[in-house]
file work39.tsv (TSV, C-alpha atoms)
chain	number	residue	atom	x	y	z
A	1	MET	CA	60.62	84.80	107.69
A	2	LEU	CA	60.03	84.72	111.43
A	3	ILE	CA	62.36	82.35	113.32
A	4	TYR	CA	60.81	81.03	116.52
A	5	ASN	CA	62.98	79.02	118.92
A	6	ARG	CA	60.19	77.48	120.95
A	7	PRO	CA	61.43	76.86	124.53
A	8	TYR	CA	58.76	74.34	125.57
A	9	THR	CA	59.34	70.59	125.55
A	10	ASP	CA	55.74	69.51	126.26
A	11	PRO	CA	54.81	67.49	123.13
A	12	PHE	CA	51.09	68.26	123.46
A	13	LEU	CA	51.79	72.00	123.46
A	14	ASN	CA	54.29	71.80	120.61
A	15	ILE	CA	52.05	69.76	118.31
A	16	ALA	CA	49.18	72.13	119.14
A	17	ALA	CA	51.45	75.10	118.30
A	18	GLU	CA	51.92	73.81	114.75
A	19	ASP	CA	48.15	73.54	114.35
A	20	TYR	CA	47.67	77.05	115.72
A	21	TYR	CA	50.32	78.79	113.63
A	22	VAL	CA	49.44	77.20	110.30
A	23	LYS	CA	45.96	78.68	110.78
A	24	HIS	CA	46.87	82.01	112.36
A	25	ALA	CA	50.41	83.03	111.37
A	26	LEU	CA	50.38	86.25	109.35
A	27	SER	CA	53.94	85.83	108.06
A	28	ASP	CA	56.10	82.93	106.93
A	29	MET	CA	57.81	81.35	109.89
A	30	CYS	CA	60.09	78.55	111.00
A	31	MET	CA	59.60	77.07	114.45
A	32	ILE	CA	62.41	75.08	116.09
A	33	TRP	CA	61.49	72.82	119.00
A	34	ILE	CA	62.46	69.78	121.05
A	35	ASN	CA	60.01	67.33	122.63
A	36	GLU	CA	60.11	65.18	125.70
A	37	PRO	CA	59.83	61.44	124.85
A	38	SER	CA	56.72	60.93	122.73
A	39	VAL	CA	55.43	59.11	119.67
A	40	ILE	CA	53.90	61.32	116.99
A	41	ILE	CA	51.70	59.58	114.43
A	42	GLY	CA	50.35	60.78	111.08
A	43	LYS	CA	46.80	62.05	110.74
A	44	HIS	CA	45.59	59.04	108.75
A	45	GLN	CA	47.20	56.29	110.82
A	46	ASN	CA	45.84	53.69	113.22
A	47	ALA	CA	47.60	54.58	116.46
A	48	TYR	CA	47.60	51.02	117.80
A	49	ALA	CA	49.09	49.68	114.55
A	50	GLU	CA	52.05	52.07	114.76
A	51	ILE	CA	53.20	51.55	118.31
A	52	ASN	CA	54.22	48.94	120.83
A	53	TYR	CA	51.32	49.78	123.13
A	54	PRO	CA	52.49	47.81	126.20
A	55	PHE	CA	55.95	49.39	125.93
A	56	VAL	CA	54.84	53.03	125.57
A	57	ARG	CA	52.24	52.49	128.28
A	58	LYS	CA	54.87	51.12	130.68
A	59	LYS	CA	57.29	53.95	129.86
A	60	ASN	CA	54.56	56.64	130.05
A	61	ILE	CA	55.37	57.76	126.51
A	62	PRO	CA	52.41	59.74	125.12
A	63	VAL	CA	51.08	59.03	121.63
A	64	ILE	CA	49.90	62.14	119.78
A	65	ARG	CA	48.27	62.47	116.37
A	66	ARG	CA	49.46	65.39	114.24
A	67	ILE	CA	47.54	67.14	111.44
A	68	SER	CA	49.92	66.11	108.64
A	69	GLY	CA	50.13	62.77	106.89
A	70	GLY	CA	53.14	60.50	106.83
A	71	GLY	CA	54.38	57.92	109.29
A	72	ALA	CA	55.01	57.56	112.99
A	73	VAL	CA	58.12	59.09	114.56
A	74	TYR	CA	59.70	59.05	117.99
A	75	HIS	CA	60.77	62.30	119.64
A	76	ASP	CA	63.03	62.86	122.63
A	77	ALA	CA	65.63	65.33	123.91
A	78	GLY	CA	68.11	64.09	121.30
A	79	ASN	CA	65.91	65.05	118.37
A	80	VAL	CA	65.43	68.52	116.86
A	81	ASN	CA	62.12	69.35	115.18
A	82	PHE	CA	61.51	72.11	112.67
A	83	SER	CA	58.24	73.48	111.28
A	84	PHE	CA	58.10	75.73	108.22
A	85	ILE	CA	54.83	77.59	107.67
A	86	SER	CA	54.64	79.42	104.38
A	87	ARG	CA	52.22	80.91	101.90
A	88	THR	CA	51.70	78.73	98.87
A	89	THR	CA	50.04	78.84	95.47
A	90	LYS	CA	48.20	76.25	93.41
A	91	SER	CA	51.36	75.64	91.40
A	92	ASN	CA	53.50	74.71	94.42
A	93	GLN	CA	51.03	73.49	97.05
A	94	VAL	CA	52.83	70.17	97.49
A	95	ASP	CA	56.53	70.82	96.96
A	96	PHE	CA	58.67	68.92	99.46
A	97	GLY	CA	61.82	69.88	97.61
A	98	ARG	CA	61.23	73.52	98.49
A	99	PHE	CA	61.94	72.65	102.13
A	100	THR	CA	64.07	69.50	102.07
A	101	SER	CA	66.64	71.51	100.11
A	102	ILE	CA	66.92	73.92	103.06
A	103	ILE	CA	67.89	71.10	105.42
A	104	VAL	CA	70.25	69.56	102.85
A	105	ASN	CA	71.99	72.93	102.44
A	106	PHE	CA	72.27	73.36	106.19
A	107	MET	CA	73.79	69.88	106.54
A	108	GLN	CA	76.31	70.76	103.84
A	109	SER	CA	77.29	73.85	105.84
A	110	LEU	CA	78.24	71.44	108.64
A	111	GLY	CA	80.25	69.25	106.29
A	112	ILE	CA	77.59	66.53	106.09
A	113	GLU	CA	76.43	65.27	102.71
A	114	ALA	CA	72.74	64.29	102.82
A	115	ASN	CA	70.52	62.91	100.08
A	116	VAL	CA	66.74	62.93	99.62
A	117	GLY	CA	65.05	59.53	99.60
A	118	LYS	CA	62.00	58.35	97.66
A	119	ARG	CA	59.55	59.46	100.37
A	120	ASN	CA	61.16	62.86	100.95
A	121	SER	CA	63.11	61.72	103.98
A	122	LEU	CA	66.79	62.61	104.28
A	123	PHE	CA	69.52	60.01	104.37
A	124	ILE	CA	73.23	59.79	104.93
A	125	GLY	CA	74.21	56.81	102.83
A	126	ASP	CA	71.39	54.33	103.34
A	127	LYS	CA	70.42	55.46	106.85
A	128	LYS	CA	67.64	57.94	107.58
A	129	PHE	CA	68.18	60.85	109.94
A	130	SER	CA	65.37	63.23	108.99
A	131	GLY	CA	61.69	62.52	108.21
A	132	HIS	CA	59.37	65.08	106.59
A	133	ALA	CA	55.60	65.60	106.24
A	134	GLU	CA	53.22	68.34	105.05
A	135	HIS	CA	49.76	69.72	105.73
A	136	LEU	CA	47.87	72.22	103.59
A	137	PHE	CA	45.55	74.81	105.11
A	138	HIS	CA	43.91	77.15	102.59
A	139	ASP	CA	46.81	79.13	101.07
A	140	LYS	CA	49.40	77.98	103.61
A	141	VAL	CA	51.54	74.89	103.94
A	142	LEU	CA	52.99	73.37	107.08
A	143	HIS	CA	56.15	71.46	106.30
A	144	HIS	CA	57.79	69.85	109.29
A	145	GLY	CA	60.46	67.32	110.03
A	146	THR	CA	62.93	65.82	112.44
A	147	ILE	CA	66.70	65.71	112.77
A	148	LEU	CA	68.12	62.87	114.83
A	149	ILE	CA	71.10	64.27	116.73
A	150	ASN	CA	71.61	62.00	119.71
A	151	SER	CA	68.28	60.26	120.15
A	152	ASP	CA	67.78	57.05	122.13
A	153	LEU	CA	67.54	54.72	119.13
A	154	LEU	CA	66.71	51.65	121.20
A	155	THR	CA	63.68	53.34	122.77
A	156	LEU	CA	62.80	54.70	119.35
A	157	GLN	CA	62.77	51.20	117.89
A	158	ASN	CA	60.85	49.70	120.81
A	159	SER	CA	58.25	52.47	120.75
A	160	ILE	CA	57.30	52.26	117.09
A	161	THR	CA	57.59	48.52	116.54
A	162	PRO	CA	53.95	47.33	116.66
A	163	ALA	CA	53.17	44.62	119.20
A	164	LYS	CA	50.01	43.46	117.42
A	165	GLU	CA	48.82	43.11	113.82
A	166	TYR	CA	45.97	45.30	112.62
A	167	LYS	CA	44.26	45.34	109.23
A	168	GLY	CA	42.56	48.29	107.60
A	169	LYS	CA	43.00	51.21	105.24
A	170	ALA	CA	45.07	53.34	107.61
A	171	LEU	CA	48.38	54.60	106.24
A	172	ALA	CA	51.15	52.33	107.50
A	173	SER	CA	54.60	53.67	108.25
A	174	VAL	CA	57.46	52.64	105.98
A	175	ARG	CA	60.33	51.71	108.27
A	176	SER	CA	63.91	52.66	107.49
A	177	GLU	CA	67.13	52.10	109.38
A	178	VAL	CA	67.91	55.32	111.23
A	179	MET	CA	71.01	57.02	112.57
A	180	ASN	CA	72.08	59.91	114.76
A	181	ILE	CA	74.26	62.60	113.22
A	182	ALA	CA	76.10	63.52	116.44
A	183	PRO	CA	79.19	61.45	115.49
A	184	LEU	CA	79.43	63.38	112.21
A	185	LEU	CA	79.20	66.87	113.72
A	186	PRO	CA	82.28	69.00	114.36
A	187	TYR	CA	83.74	68.45	117.82
A	188	GLY	CA	81.89	70.18	120.67
A	189	ILE	CA	78.53	70.65	118.97
A	190	ASP	CA	75.84	69.34	121.30
A	191	ILE	CA	72.11	69.61	120.61
A	192	GLN	CA	71.70	73.07	122.14
A	193	LEU	CA	74.61	74.47	120.16
A	194	PHE	CA	73.23	72.72	117.08
A	195	VAL	CA	69.97	74.63	117.50
A	196	GLU	CA	71.84	77.93	117.93
A	197	ILE	CA	73.90	77.29	114.78
A	198	PHE	CA	70.76	76.28	112.86
A	199	ILE	CA	68.93	79.47	113.85
A	200	LYS	CA	71.87	81.69	112.92
A	201	TRP	CA	72.15	79.88	109.59
A	202	LEU	CA	68.41	80.38	108.91
A	203	LEU	CA	68.70	84.11	109.68
A	204	ASP	CA	71.41	84.36	107.03
A	205	TYR	CA	69.63	82.04	104.59
A	206	PHE	CA	66.43	84.09	104.62
A	207	PRO	CA	67.34	87.77	104.13
A	208	GLY	CA	65.27	90.07	106.31
A	209	SER	CA	64.26	87.30	108.70
A	210	GLN	CA	64.01	87.98	112.41
A	211	ILE	CA	63.59	86.23	115.75
A	212	TYR	CA	59.95	85.87	116.79
A	213	ASP	CA	58.66	86.34	120.34
A	214	PRO	CA	54.96	85.41	120.66
A	215	GLY	CA	52.57	87.10	123.05
A	216	ILE	CA	50.85	85.55	126.05
A	217	GLY	CA	47.55	85.49	124.19
A	218	GLN	CA	48.94	83.04	121.62
A	219	GLN	CA	50.35	80.83	124.34
A	220	ASN	CA	46.94	80.65	126.03
A	221	GLU	CA	45.24	79.70	122.76
A	222	ILE	CA	47.82	76.97	122.13
A	223	LYS	CA	47.38	75.60	125.64
A	224	LYS	CA	43.62	75.53	125.16
A	225	LEU	CA	44.02	73.67	121.86
A	226	SER	CA	46.35	71.14	123.47
A	227	GLU	CA	43.79	70.44	126.21
A	228	THR	CA	40.69	70.25	124.02
A	229	LYS	CA	42.23	68.31	121.12
A	230	TYR	CA	45.74	66.95	121.49
A	231	LYS	CA	45.36	65.47	124.96
A	232	THR	CA	42.15	63.65	124.10
A	233	TRP	CA	41.85	59.92	123.41
A	234	GLU	CA	39.22	60.72	120.78
A	235	TRP	CA	41.78	62.53	118.60
A	236	ASN	CA	44.89	60.47	119.28
A	237	PHE	CA	43.30	57.00	119.09
A	238	GLY	CA	39.61	57.29	118.24
A	239	TYR	CA	40.21	59.22	115.03
A	240	SER	CA	41.89	56.18	113.45
A	241	PRO	CA	40.39	54.79	110.21
A	242	ALA	CA	38.39	51.56	110.65
A	243	TYR	CA	40.49	48.50	111.43
A	244	THR	CA	40.23	44.85	112.48
A	245	PHE	CA	42.37	42.67	114.70
A	246	GLN	CA	42.27	39.19	116.22
A	247	VAL	CA	42.07	38.15	119.82
A	248	HIS	CA	42.86	34.71	121.23
A	249	ILE	CA	41.18	34.30	124.58
A	250	GLN	CA	42.59	31.50	126.69
A	251	ALA	CA	39.95	29.66	128.71
A	252	VAL	CA	40.05	26.43	130.68
A	253	ALA	CA	38.21	24.66	127.83
A	254	GLY	CA	40.63	25.98	125.18
A	255	ILE	CA	41.34	29.06	123.08
A	256	THR	CA	38.52	31.17	121.63
A	257	GLU	CA	39.45	33.21	118.58
A	258	ALA	CA	37.53	36.28	117.44
A	259	ASN	CA	37.88	39.07	114.87
A	260	ILE	CA	37.24	42.53	116.29
A	261	LYS	CA	36.19	45.38	113.97
A	262	VAL	CA	36.64	48.94	115.20
A	263	GLU	CA	35.06	52.03	113.62
A	264	ASN	CA	35.52	55.56	114.94
A	265	GLY	CA	37.32	54.10	117.92
A	266	MET	CA	34.36	51.92	118.86
A	267	ILE	CA	33.99	48.14	118.64
A	268	ALA	CA	31.54	47.78	115.75
A	269	SER	CA	31.36	43.99	115.57
A	270	VAL	CA	32.78	40.82	117.06
A	271	GLU	CA	33.03	37.68	114.95
A	272	VAL	CA	33.82	34.57	116.99
A	273	THR	CA	35.63	32.19	114.64
A	274	SER	CA	36.14	29.21	116.96
A	275	GLU	CA	33.51	26.55	116.33
A	276	SER	CA	33.94	25.11	119.80
A	277	ALA	CA	33.80	28.47	121.56
A	278	ASN	CA	32.70	28.57	125.18
A	279	ILE	CA	29.03	29.70	125.10
A	280	ILE	CA	29.40	32.12	128.00
A	281	LEU	CA	32.56	33.64	126.50
A	282	HIS	CA	30.89	33.79	123.08
A	283	LYS	CA	28.06	35.89	124.52
A	284	LEU	CA	30.46	38.08	126.48
A	285	LEU	CA	32.54	38.89	123.41
A	286	ASN	CA	29.47	39.77	121.39
A	287	SER	CA	28.25	42.04	124.18
A	288	MET	CA	31.38	44.19	123.73
A	289	THR	CA	29.88	45.81	120.64
A	290	GLY	CA	29.60	49.52	121.31
A	291	LEU	CA	32.58	49.72	123.66
A	292	LEU	CA	35.48	52.03	122.87
A	293	HIS	CA	38.72	50.23	122.01
A	294	LYS	CA	40.24	51.96	124.99
A	295	GLU	CA	42.11	50.37	127.86
A	296	GLU	CA	39.92	51.95	130.53
A	297	GLU	CA	36.76	50.77	128.75
A	298	ILE	CA	37.98	47.18	128.49
A	299	HIS	CA	39.01	47.20	132.14
A	300	LYS	CA	35.57	48.50	133.16
A	301	PHE	CA	33.92	45.79	131.06
A	302	VAL	CA	35.97	43.14	132.84
A	303	GLU	CA	35.12	44.55	136.27
A	304	ASN	CA	31.42	44.52	135.37
A	305	ASN	CA	31.59	40.91	134.16
A	306	LEU	CA	33.88	39.21	136.67
A	307	LYS	CA	31.36	36.48	137.55
A	308	SER	CA	30.70	35.57	133.90
A	309	LEU	CA	34.42	35.51	133.07
A	310	GLU	CA	35.01	33.24	136.05
A	311	LEU	CA	32.25	30.89	134.86
A	312	ALA	CA	33.83	30.93	131.38
A	313	GLY	CA	37.16	29.91	132.92
A	314	VAL	CA	38.99	33.03	131.71
A	315	ASN	CA	41.87	34.79	133.46
A	316	THR	CA	40.82	38.45	133.64
A	317	VAL	CA	44.37	39.82	133.37
A	318	SER	CA	45.13	37.91	130.15
A	319	PHE	CA	41.68	38.88	128.78
A	320	LYS	CA	42.42	42.59	129.20
A	321	GLU	CA	45.94	42.31	127.78
A	322	GLU	CA	44.75	40.43	124.69
A	323	PHE	CA	43.06	43.58	123.34
A	324	PHE	CA	46.26	45.63	123.36
A	325	ARG	CA	49.41	43.49	123.40

call {"tool": "encode", "arguments": {"input": "work39.tsv", "output": "structure tokens"}}
result
Amino acid sequence: MLIYNRPYTDPFLNIAAEDYYVKHALSDMCMIWINEPSVIIGKHQNAYAEINYPFVRKKNIPVIRRISGGGAVYHDAGNVNFSFISRTTKSNQVDFGRFTSIIVNFMQSLGIEANVGKRNSLFIGDKKFSGHAEHLFHDKVLHHGTILINSDLLTLQNSITPAKEYKGKALASVRSEVMNIAPLLPYGIDIQLFVEIFIKWLLDYFPGSQIYDPGIGQQNEIKKLSETKYKTWEWNFGYSPAYTFQVHIQAVAGITEANIKVENGMIASVEVTSESANIILHKLLNSMTGLLHKEEEIHKFVENNLKSLELAGVNTVSFKEEFFR
């Protein structure tokens, strides 16, 4: 087992590193890492449905889609992440217990009794402190998770509490009350010391394991992957399964309601449901078919249709916000 204490806190690079190593690692490994504030969503989720978009936008918190399933999580400097990459066989391809037991044993070594919940998350009593997810790639499995040490739980809650309702077949997160374990740790153990203790424990737990130091070539490949995939809107938002949502456009003549359907990140159809809809606004909404459900695209649409929106009696600021709030 190779133990890699990854020193980077850039969430785009760290999520890309998991993708890279599950495909290219020649030996079993465990990567330990800490991210700057970010929201990480599951592969099969609708990004907008998992986040408070106005909040994360205001706070400049990036939203990044990972390659594993599961729900949305919030990362910051008070949260430790771990990624196990291991060879697997057909008989144990999906075996969460193989890895959750490692974290449970480590917690016990610190005097903390943890239990495994129904969805393979770890709890202390009825509060969650560690979420887990997996991804299979040929004969390898990526099993990763979080440990809340001293995370900003208010920002966590605000970031992953959706501001708008979306309907579709995307996997929705199952929310649990969470907790930090810092108050339960022996006196003097901060997050950096926690990581050091965890690494030493892993070296003892896996006989023959050693510290891993990757070459510059790997770092360049990971950076390239972060730029071409994990920093793109197409992957983080556009990859979402099809979904629908409602908008309520306030005009001088009243409110116009419409159902918006999005497929592959693009507005596929607009169904105006208000019988007394403003004719100009009705035509404008229908002309949005083909636009990406992307803030910049909606803003450009508004700028290109200022005169028509004015004639329809619509406030342009509220129109733009209605598609994301």

call {"tool": "residues_near_point", "arguments": {"input": "work39.tsv", "point": "(56.9, 62.9, 100.5)", "cutoff": "7 Å", "atoms": "all atoms listed in the file", "output": "mmCIF file with C-alpha atoms, in the frame of the given file"}}
result
data_model
loop_
_atom_site.group_PDB
_atom_site.id
_atom_site.type_symbol
_atom_site.label_atom_id
_atom_site.label_comp_id
_atom_site.auth_asym_id
_atom_site.auth_seq_id
_atom_site.Cartn_x
_atom_site.Cartn_y
_atom_site.Cartn_z
ATOM 1 C CA PHE A 96 58.670 68.920 99.460
ATOM 2 C CA ARG A 119 59.550 59.460 100.370
ATOM 3 C CA ASN A 120 61.160 62.860 100.950
ATOM 4 C CA HIS A 132 59.370 65.080 106.590
ATOM 5 C CA ALA A 133 55.600 65.600 106.240
#

call {"tool": "closest_residue", "arguments": {"input": "work39.tsv", "among": "A:Ile249, A:Leu184, A:Leu311, A:Leu136", "to": "A:Gly111", "atoms": "only C-alpha atoms"}}
result
A:Leu184

call {"tool": "residues_around", "arguments": {"input": "work39.tsv", "residues": "A:Leu193", "least_positions_apart": "6", "cutoff": "12 Å", "atoms": "only C-alpha atoms", "output": "mmCIF file with C-alpha atoms, keeping the file's coordinate frame"}}
result
data_model
loop_
_atom_site.group_PDB
_atom_site.id
_atom_site.type_symbol
_atom_site.label_atom_id
_atom_site.label_comp_id
_atom_site.auth_asym_id
_atom_site.auth_seq_id
_atom_site.Cartn_x
_atom_site.Cartn_y
_atom_site.Cartn_z
ATOM 1 C CA VAL A 80 65.430 68.520 116.860
ATOM 2 C CA ILE A 149 71.100 64.270 116.730
ATOM 3 C CA ALA A 182 76.100 63.520 116.440
ATOM 4 C CA LEU A 185 79.200 66.870 113.720
ATOM 5 C CA PRO A 186 82.280 69.000 114.360
ATOM 6 C CA TYR A 187 83.740 68.450 117.820
ATOM 7 C CA ILE A 199 68.930 79.470 113.850
ATOM 8 C CA LYS A 200 71.870 81.690 112.920
#

call {"tool": "residues_near_point", "arguments": {"input": "work39.tsv", "point": "(51.8, 53.1, 105.3)", "cutoff": "8 Å", "atoms": "only C-alpha atoms", "output": "number ranges by chain"}}
result
A: 45, 70-71, 170-174

call {"tool": "closest_residue", "arguments": {"input": "work39.tsv", "among": "A:Asn259, A:Thr232, A:Gln250, A:Gln192", "to": "A:Lys320", "atoms": "all atoms listed in the file"}}
result
A:Gln250

call {"tool": "residues_around", "arguments": {"input": "work39.tsv", "residues": "A:Ile40", "least_positions_apart": "3", "cutoff": "6 Å", "atoms": "all atoms listed in the file", "output": "list in words"}}
result
Val63, Ile64, Arg65, Ala72 and Val73 of chain A

call {"tool": "residues_around", "arguments": {"input": "work39.tsv", "residues": "A:Glu271", "least_positions_apart": "2", "cutoff": "8 Å", "atoms": "all atoms listed in the file", "output": "mmCIF file with C-alpha atoms, in the frame of the given file"}}
result
data_model
loop_
_atom_site.group_PDB
_atom_site.id
_atom_site.type_symbol
_atom_site.label_atom_id
_atom_site.label_comp_id
_atom_site.auth_asym_id
_atom_site.auth_seq_id
_atom_site.Cartn_x
_atom_site.Cartn_y
_atom_site.Cartn_z
ATOM 1 C CA ALA A 258 37.530 36.280 117.440
ATOM 2 C CA ASN A 259 37.880 39.070 114.870
ATOM 3 C CA ILE A 260 37.240 42.530 116.290
ATOM 4 C CA SER A 269 31.360 43.990 115.570
ATOM 5 C CA THR A 273 35.630 32.190 114.640
ATOM 6 C CA ASN A 286 29.470 39.770 121.390
#

call {"tool": "atom_distance", "arguments": {"input": "work39.tsv", "atom1": "atom CA of A:Gly254", "atom2": "atom CA of A:Ile280"}}
result
13.1 Å

call {"tool": "atom_distance", "arguments": {"input": "work39.tsv", "atom1": "atom CA of A:Ala16", "atom2": "atom CA of A:Phe237"}}
result
16.2 Å

call {"tool": "residues_around", "arguments": {"input": "work39.tsv", "residues": "A:Ser274", "least_positions_apart": "5", "cutoff": "9 Å", "atoms": "all atoms listed in the file", "output": "MDAnalysis selection string"}}
result
chainID A and resid 255:258

call {"tool": "closest_residue", "arguments": {"input": "work39.tsv", "among": "A:Tyr20, A:Tyr243, A:Phe301, A:Phe12", "to": "A:His75", "atoms": "all atoms listed in the file"}}
result
A:Phe12

call {"tool": "residues_around", "arguments": {"input": "work39.tsv", "residues": "stretch 206-216 of chain A", "least_positions_apart": "4", "cutoff": "12 Å", "atoms": "all atoms listed in the file", "output": "MDAnalysis selection string"}}
result
chainID A and resid 1:7 17 21 25 27:32 102 196 199:202 220:223

call {"tool": "atom_distance", "arguments": {"input": "work39.tsv", "atom1": "atom CA of A:Asn305", "atom2": "atom CA of A:Gly290"}}
result
15.6 Å

call {"tool": "closest_atom_pairs", "arguments": {"input": "work39.tsv", "of": "stretch 179-254 of chain A", "to": "stretch 141-148 of chain A", "cutoff": "12 Å", "atoms": "all atoms listed in the file", "output": "Markdown table"}}
result
| residue | atom | partner | partner_atom | distance |
| --- | --- | --- | --- | --- |
| A:Met179 | CA | A:Leu148 | CA | 6.9 |
| A:Asn180 | CA | A:Leu148 | CA | 4.9 |
| A:Ile181 | CA | A:Leu148 | CA | 6.4 |
| A:Ala182 | CA | A:Leu148 | CA | 8.2 |
| A:Pro183 | CA | A:Leu148 | CA | 11.2 |
| A:Leu184 | CA | A:Leu148 | CA | 11.6 |
| A:Leu185 | CA | A:Leu148 | CA | 11.8 |
| A:Asp190 | CA | A:Leu148 | CA | 12.0 |
| A:Ile191 | CA | A:Leu148 | CA | 9.7 |
| A:Phe194 | CA | A:Ile147 | CA | 10.5 |
| A:Val195 | CA | A:Ile147 | CA | 10.6 |
| A:Phe198 | CA | A:Ile147 | CA | 11.3 |

call {"tool": "closest_residue", "arguments": {"input": "work39.tsv", "among": "A:Leu281, A:Val178, A:Val252, A:Ala268", "to": "A:Phe123", "atoms": "all atoms listed in the file"}}
result
A:Val178

call {"tool": "closest_residue", "arguments": {"input": "work39.tsv", "among": "A:Gly168, A:Gly217, A:Gly188, A:Pro11", "to": "A:Ser240", "atoms": "all atoms listed in the file"}}
result
A:Gly168

call {"tool": "decode", "arguments": {"input": "work39.tsv", "residues": "stretch 232-245 of chain A", "atoms": "N, CA, C and O atoms", "output": "PDB file, in the first residue's frame"}}
result
ATOM      1  N   THR A 232     -14.462  22.527 -16.185  1.00  0.00           N
ATOM      2  CA  THR A 232     -15.396  22.879 -17.248  1.00  0.00           C
ATOM      3  C   THR A 232     -16.849  22.853 -16.766  1.00  0.00           C
ATOM      4  O   THR A 232     -17.241  21.984 -15.983  1.00  0.00           O
ATOM      5  N   TRP A 233     -17.643  23.800 -17.248  1.00  0.00           N
ATOM      6  CA  TRP A 233     -19.063  23.833 -16.940  1.00  0.00           C
ATOM      7  C   TRP A 233     -19.752  22.591 -17.506  1.00  0.00           C
ATOM      8  O   TRP A 233     -20.687  22.050 -16.896  1.00  0.00           O
ATOM      9  N   GLU A 234     -19.280  22.130 -18.652  1.00  0.00           N
ATOM     10  CA  GLU A 234     -19.905  20.980 -19.313  1.00  0.00           C
ATOM     11  C   GLU A 234     -19.883  19.741 -18.424  1.00  0.00           C
ATOM     12  O   GLU A 234     -20.851  18.966 -18.411  1.00  0.00           O
ATOM     13  N   TRP A 235     -18.814  19.530 -17.675  1.00  0.00           N
ATOM     14  CA  TRP A 235     -18.735  18.375 -16.781  1.00  0.00           C
ATOM     15  C   TRP A 235     -19.460  18.641 -15.462  1.00  0.00           C
ATOM     16  O   TRP A 235     -20.263  17.836 -15.009  1.00  0.00           O
ATOM     17  N   ASN A 236     -19.206  19.770 -14.858  1.00  0.00           N
ATOM     18  CA  ASN A 236     -19.737  20.038 -13.522  1.00  0.00           C
ATOM     19  C   ASN A 236     -21.236  20.315 -13.495  1.00  0.00           C
ATOM     20  O   ASN A 236     -21.923  19.935 -12.552  1.00  0.00           O
ATOM     21  N   PHE A 237     -21.764  20.946 -14.530  1.00  0.00           N
ATOM     22  CA  PHE A 237     -23.197  21.270 -14.579  1.00  0.00           C
ATOM     23  C   PHE A 237     -23.898  20.621 -15.774  1.00  0.00           C
ATOM     24  O   PHE A 237     -24.986  20.069 -15.633  1.00  0.00           O
ATOM     25  N   GLY A 238     -23.295  20.689 -16.937  1.00  0.00           N
ATOM     26  CA  GLY A 238     -23.949  20.186 -18.140  1.00  0.00           C
ATOM     27  C   GLY A 238     -24.152  18.687 -18.179  1.00  0.00           C
ATOM     28  O   GLY A 238     -25.035  18.188 -18.878  1.00  0.00           O
ATOM     29  N   TYR A 239     -23.352  17.950 -17.425  1.00  0.00           N
ATOM     30  CA  TYR A 239     -23.439  16.488 -17.423  1.00  0.00           C
ATOM     31  C   TYR A 239     -24.679  15.984 -16.680  1.00  0.00           C
ATOM     32  O   TYR A 239     -25.030  14.816 -16.764  1.00  0.00           O
ATOM     33  N   SER A 240     -25.365  16.859 -15.981  1.00  0.00           N
ATOM     34  CA  SER A 240     -26.516  16.454 -15.160  1.00  0.00           C
ATOM     35  C   SER A 240     -27.563  15.707 -15.979  1.00  0.00           C
ATOM     36  O   SER A 240     -27.802  16.030 -17.146  1.00  0.00           O
ATOM     37  N   PRO A 241     -28.206  14.695 -15.389  1.00  0.00           N
ATOM     38  CA  PRO A 241     -29.354  14.047 -16.045  1.00  0.00           C
ATOM     39  C   PRO A 241     -30.437  15.083 -16.324  1.00  0.00           C
ATOM     40  O   PRO A 241     -30.464  16.153 -15.706  1.00  0.00           O
ATOM     41  N   ALA A 242     -31.343  14.781 -17.250  1.00  0.00           N
ATOM     42  CA  ALA A 242     -32.414  15.713 -17.615  1.00  0.00           C
ATOM     43  C   ALA A 242     -33.222  16.105 -16.378  1.00  0.00           C
ATOM     44  O   ALA A 242     -33.434  15.303 -15.467  1.00  0.00           O
ATOM     45  N   TYR A 243     -33.673  17.357 -16.355  1.00  0.00           N
ATOM     46  CA  TYR A 243     -34.457  17.841 -15.225  1.00  0.00           C
ATOM     47  C   TYR A 243     -35.397  18.950 -15.683  1.00  0.00           C
ATOM     48  O   TYR A 243     -35.236  19.523 -16.761  1.00  0.00           O
ATOM     49  N   THR A 244     -36.387  19.244 -14.849  1.00  0.00           N
ATOM     50  CA  THR A 244     -37.324  20.340 -15.104  1.00  0.00           C
ATOM     51  C   THR A 244     -37.408  21.218 -13.866  1.00  0.00           C
ATOM     52  O   THR A 244     -37.166  20.762 -12.738  1.00  0.00           O
ATOM     53  N   PHE A 245     -37.758  22.476 -14.084  1.00  0.00           N
ATOM     54  CA  PHE A 245     -37.981  23.390 -12.976  1.00  0.00           C
ATOM     55  C   PHE A 245     -38.941  24.484 -13.434  1.00  0.00           C
ATOM     56  O   PHE A 245     -39.165  24.673 -14.636  1.00  0.00           O
TER      57      PHE A 245
END
